[in-house]
Amino acid sequence: MQAGAQNKGKFTRFPVSFDFAPGDLAGSRLEVTVEIGSLDTGDKERDDTLKGDDLFAAAKFPKAHFLATSSPRPPRASRPRAKLTIRDQTRDVRVPFTFRTAVEQGATVGYMSGKTSIRRLDYGVGQGDWKATDQVGNEVGVSFALRLTSAAH
């Protein structure tokens with residue numbers, strides 16, 4: 001939230017690797033690398049500010065990284081332990097998600113979606129004047145929807 005108004009944005013480049021075997025949940029792994037430079041809020045001036053040194057510092061920290069290495073429950077409604085790294089600050093997170101599969105044109109496709117919130121200041125996203133939370137809130141909502149297909153062999 002900025003100055004009392006909700007703002008939305010998205011990252012348009014985020015390579016995903018998902019290794020999943022229903023019989024080996026402990027061996028499952030989800031890795032997402034978010035390219036910070038792909039941030040798009042629909043406003044170039046806001047995007048440039050967010051990518052600047054006091055917020056994401058995209059030139060110095062061009063990627064954020066999410067890694068979940070196990071799922072303690074069945075995958076249909078899961079909340080795995082994971083690590084999220086932004087600006088070289090790594091924190092443990094839990095990200096609830098749902099997962100389902102479908103057969104499309106003879107191939108199995110996975111659909112994963114979820115949402116959570118993080119505190120931006122825990123990751124150093126907010127230096128200088130941006131450290132204050134009166135104009136830009138500390139809680140940031142994160143949501144995702146992925147369509148996963150098998151890698152070509």
# chains A, B, ... in the order shown; residues from 1 in each chain; ligands from 1
$ select_by_dssp --residues "segment 14-123 of chain A" --states "helix (DSSP H, G or I)" --output "NGL selection string"
:A and (25-27 or 36-38 or 44-51 or 120-123)
$ write_last_selection --atoms "all heavy atoms" --output "compact mmCIF listing (two decimals), in the first residue's frame"
# COMPACT_ATOMS: atom_id res chain seq x y z
N LEU A 25 7.33 -36.99 -1.42
CA LEU A 25 7.11 -35.58 -1.10
C LEU A 25 8.36 -34.94 -0.50
O LEU A 25 8.67 -33.78 -0.79
CB LEU A 25 5.94 -35.42 -0.14
CG LEU A 25 4.57 -35.77 -0.70
CD1 LEU A 25 3.49 -35.55 0.35
CD2 LEU A 25 4.27 -34.96 -1.94
N ALA A 26 9.09 -35.66 0.33
CA ALA A 26 10.29 -35.11 0.95
C ALA A 26 11.35 -34.77 -0.10
O ALA A 26 12.16 -33.88 0.11
CB ALA A 26 10.85 -36.07 1.99
N GLY A 27 11.34 -35.47 -1.22
CA GLY A 27 12.30 -35.20 -2.28
C GLY A 27 11.83 -34.18 -3.30
O GLY A 27 12.55 -33.86 -4.23
N ILE A 36 14.29 -9.30 -11.13
CA ILE A 36 13.76 -8.05 -10.58
C ILE A 36 13.55 -7.00 -11.67
O ILE A 36 12.58 -6.24 -11.64
CB ILE A 36 14.69 -7.50 -9.47
CG1 ILE A 36 14.80 -8.50 -8.32
CG2 ILE A 36 14.21 -6.14 -8.98
CD1 ILE A 36 13.52 -8.83 -7.62
N GLY A 37 14.41 -6.98 -12.67
CA GLY A 37 14.27 -6.02 -13.76
C GLY A 37 13.00 -6.19 -14.57
O GLY A 37 12.61 -5.30 -15.33
N SER A 38 12.31 -7.33 -14.41
CA SER A 38 11.07 -7.57 -15.16
C SER A 38 9.83 -7.02 -14.44
O SER A 38 8.72 -7.22 -14.89
CB SER A 38 10.89 -9.07 -15.43
OG SER A 38 10.51 -9.77 -14.26
N LYS A 44 5.89 3.45 -15.52
CA LYS A 44 7.35 3.41 -15.66
C LYS A 44 8.06 4.15 -14.53
O LYS A 44 9.06 3.68 -14.00
CB LYS A 44 7.78 3.97 -17.01
CG LYS A 44 9.30 3.88 -17.20
CD LYS A 44 9.74 4.38 -18.54
CE LYS A 44 11.22 4.37 -18.77
NZ LYS A 44 12.12 4.15 -17.69
N GLU A 45 7.55 5.30 -14.13
CA GLU A 45 8.19 6.07 -13.05
C GLU A 45 8.18 5.27 -11.74
O GLU A 45 9.19 5.20 -11.04
CB GLU A 45 7.48 7.41 -12.85
CG GLU A 45 8.16 8.29 -11.83
CD GLU A 45 7.49 9.65 -11.71
OE1 GLU A 45 6.78 10.08 -12.65
OE2 GLU A 45 7.68 10.28 -10.66
N ARG A 46 7.05 4.63 -11.42
CA ARG A 46 6.97 3.80 -10.21
C ARG A 46 7.90 2.59 -10.33
O ARG A 46 8.60 2.25 -9.39
CB ARG A 46 5.54 3.36 -9.96
CG ARG A 46 5.40 2.51 -8.70
CD ARG A 46 3.98 2.17 -8.33
NE ARG A 46 3.14 1.85 -9.46
CZ ARG A 46 1.90 2.33 -9.62
NH1 ARG A 46 1.35 3.11 -8.73
NH2 ARG A 46 1.19 1.98 -10.68
N ASP A 47 7.94 1.97 -11.52
CA ASP A 47 8.83 0.83 -11.73
C ASP A 47 10.28 1.23 -11.51
O ASP A 47 11.03 0.51 -10.85
CB ASP A 47 8.67 0.27 -13.15
CG ASP A 47 7.32 -0.38 -13.39
OD1 ASP A 47 6.55 -0.55 -12.43
OD2 ASP A 47 7.03 -0.69 -14.56
N ASP A 48 10.69 2.37 -12.06
CA ASP A 48 12.06 2.84 -11.90
C ASP A 48 12.38 3.10 -10.43
O ASP A 48 13.47 2.76 -9.96
CB ASP A 48 12.31 4.09 -12.73
CG ASP A 48 12.33 3.82 -14.23
OD1 ASP A 48 12.43 2.63 -14.63
OD2 ASP A 48 12.24 4.79 -15.01
N THR A 49 11.44 3.66 -9.69
CA THR A 49 11.64 3.91 -8.26
C THR A 49 11.79 2.59 -7.52
O THR A 49 12.70 2.43 -6.69
CB THR A 49 10.46 4.72 -7.69
OG1 THR A 49 10.40 5.99 -8.36
CG2 THR A 49 10.63 4.95 -6.19
N LEU A 50 10.92 1.64 -7.80
CA LEU A 50 10.98 0.33 -7.13
C LEU A 50 12.28 -0.41 -7.44
O LEU A 50 12.82 -1.11 -6.58
CB LEU A 50 9.77 -0.53 -7.52
CG LEU A 50 8.45 -0.10 -6.90
CD1 LEU A 50 7.29 -0.76 -7.62
CD2 LEU A 50 8.44 -0.45 -5.42
N LYS A 51 12.79 -0.27 -8.65
CA LYS A 51 14.02 -0.94 -9.04
C LYS A 51 15.26 -0.21 -8.53
O LYS A 51 16.36 -0.74 -8.59
CB LYS A 51 14.10 -1.07 -10.56
CG LYS A 51 13.05 -1.99 -11.16
CD LYS A 51 13.11 -1.93 -12.68
CE LYS A 51 11.89 -2.55 -13.30
NZ LYS A 51 11.88 -2.41 -14.77
N ARG A 120 8.45 -6.32 3.81
CA ARG A 120 9.50 -5.85 2.89
C ARG A 120 10.77 -5.45 3.63
O ARG A 120 11.87 -5.68 3.15
CB ARG A 120 8.99 -4.70 2.02
CG ARG A 120 8.68 -3.43 2.78
CD ARG A 120 8.18 -2.31 1.87
NE ARG A 120 7.81 -1.14 2.63
CZ ARG A 120 8.64 -0.16 2.98
NH1 ARG A 120 9.90 -0.22 2.61
NH2 ARG A 120 8.21 0.87 3.68
N LEU A 121 10.63 -4.86 4.82
CA LEU A 121 11.81 -4.39 5.56
C LEU A 121 12.67 -5.56 6.05
O LEU A 121 13.87 -5.39 6.26
CB LEU A 121 11.41 -3.49 6.72
CG LEU A 121 10.76 -2.16 6.29
CD1 LEU A 121 10.29 -1.38 7.51
CD2 LEU A 121 11.71 -1.33 5.44
N ASP A 122 12.09 -6.75 6.21
CA ASP A 122 12.87 -7.94 6.57
C ASP A 122 13.92 -8.27 5.50
O ASP A 122 14.90 -8.95 5.77
CB ASP A 122 11.98 -9.16 6.76
CG ASP A 122 11.14 -9.10 8.02
OD1 ASP A 122 11.35 -8.19 8.86
OD2 ASP A 122 10.27 -9.99 8.18
N TYR A 123 13.67 -7.80 4.29
CA TYR A 123 14.56 -8.08 3.16
C TYR A 123 15.35 -6.84 2.73
O TYR A 123 16.00 -6.85 1.68
CB TYR A 123 13.74 -8.62 1.98
CG TYR A 123 13.06 -9.92 2.32
CD1 TYR A 123 11.77 -9.94 2.83
CD2 TYR A 123 13.73 -11.12 2.15
CE1 TYR A 123 11.16 -11.13 3.17
CE2 TYR A 123 13.11 -12.32 2.49
CZ TYR A 123 11.84 -12.31 3.00
OH TYR A 123 11.23 -13.49 3.34
$ residues_around --residues "Thr33 of chain A" --least-positions-apart "4" --cutoff "10 Å" --atoms "only C-alpha atoms" --output "VMD selection string"
chain A and resid 13 to 17 62 to 67 84 to 85
$ closest_residue --among "A:Asp88, A:Ala107, A:Ala68, A:Ala82" --to "Phe20 of chain A" --atoms "only C-alpha atoms"
A:Ala68
$ closest_residue --among "A:Ser28, A:Ser117, A:Thr90, A:Gln127" --to "Val140 of chain A" --atoms "only C-alpha atoms"
A:Ser117
$ atom_distance --atom1 "atom CA of Asp134 of chain A" --atom2 "atom CA of Arg119 of chain A"
14.1 Å
$ select_by_dssp --residues "segment 1-148 of chain A" --states "strand (DSSP E)" --output "PyMOL selection string"
chain A and resi 10-11+16-19+29-35+39-40+63-68+77-78+81-86+89-94+97-104+107-119+139-148
$ closest_residue --among "A:Gly52, A:Gly42, A:Gly141, A:Gly124" --to "Gln6 of chain A" --atoms "only C-alpha atoms"
A:Gly141
$ residues_around --residues "segment 131-133 of chain A" --least-positions-apart "5" --cutoff "9 Å" --atoms "only C-alpha atoms" --output "ChimeraX atom specification"
/A:54-55,121,124-126,138
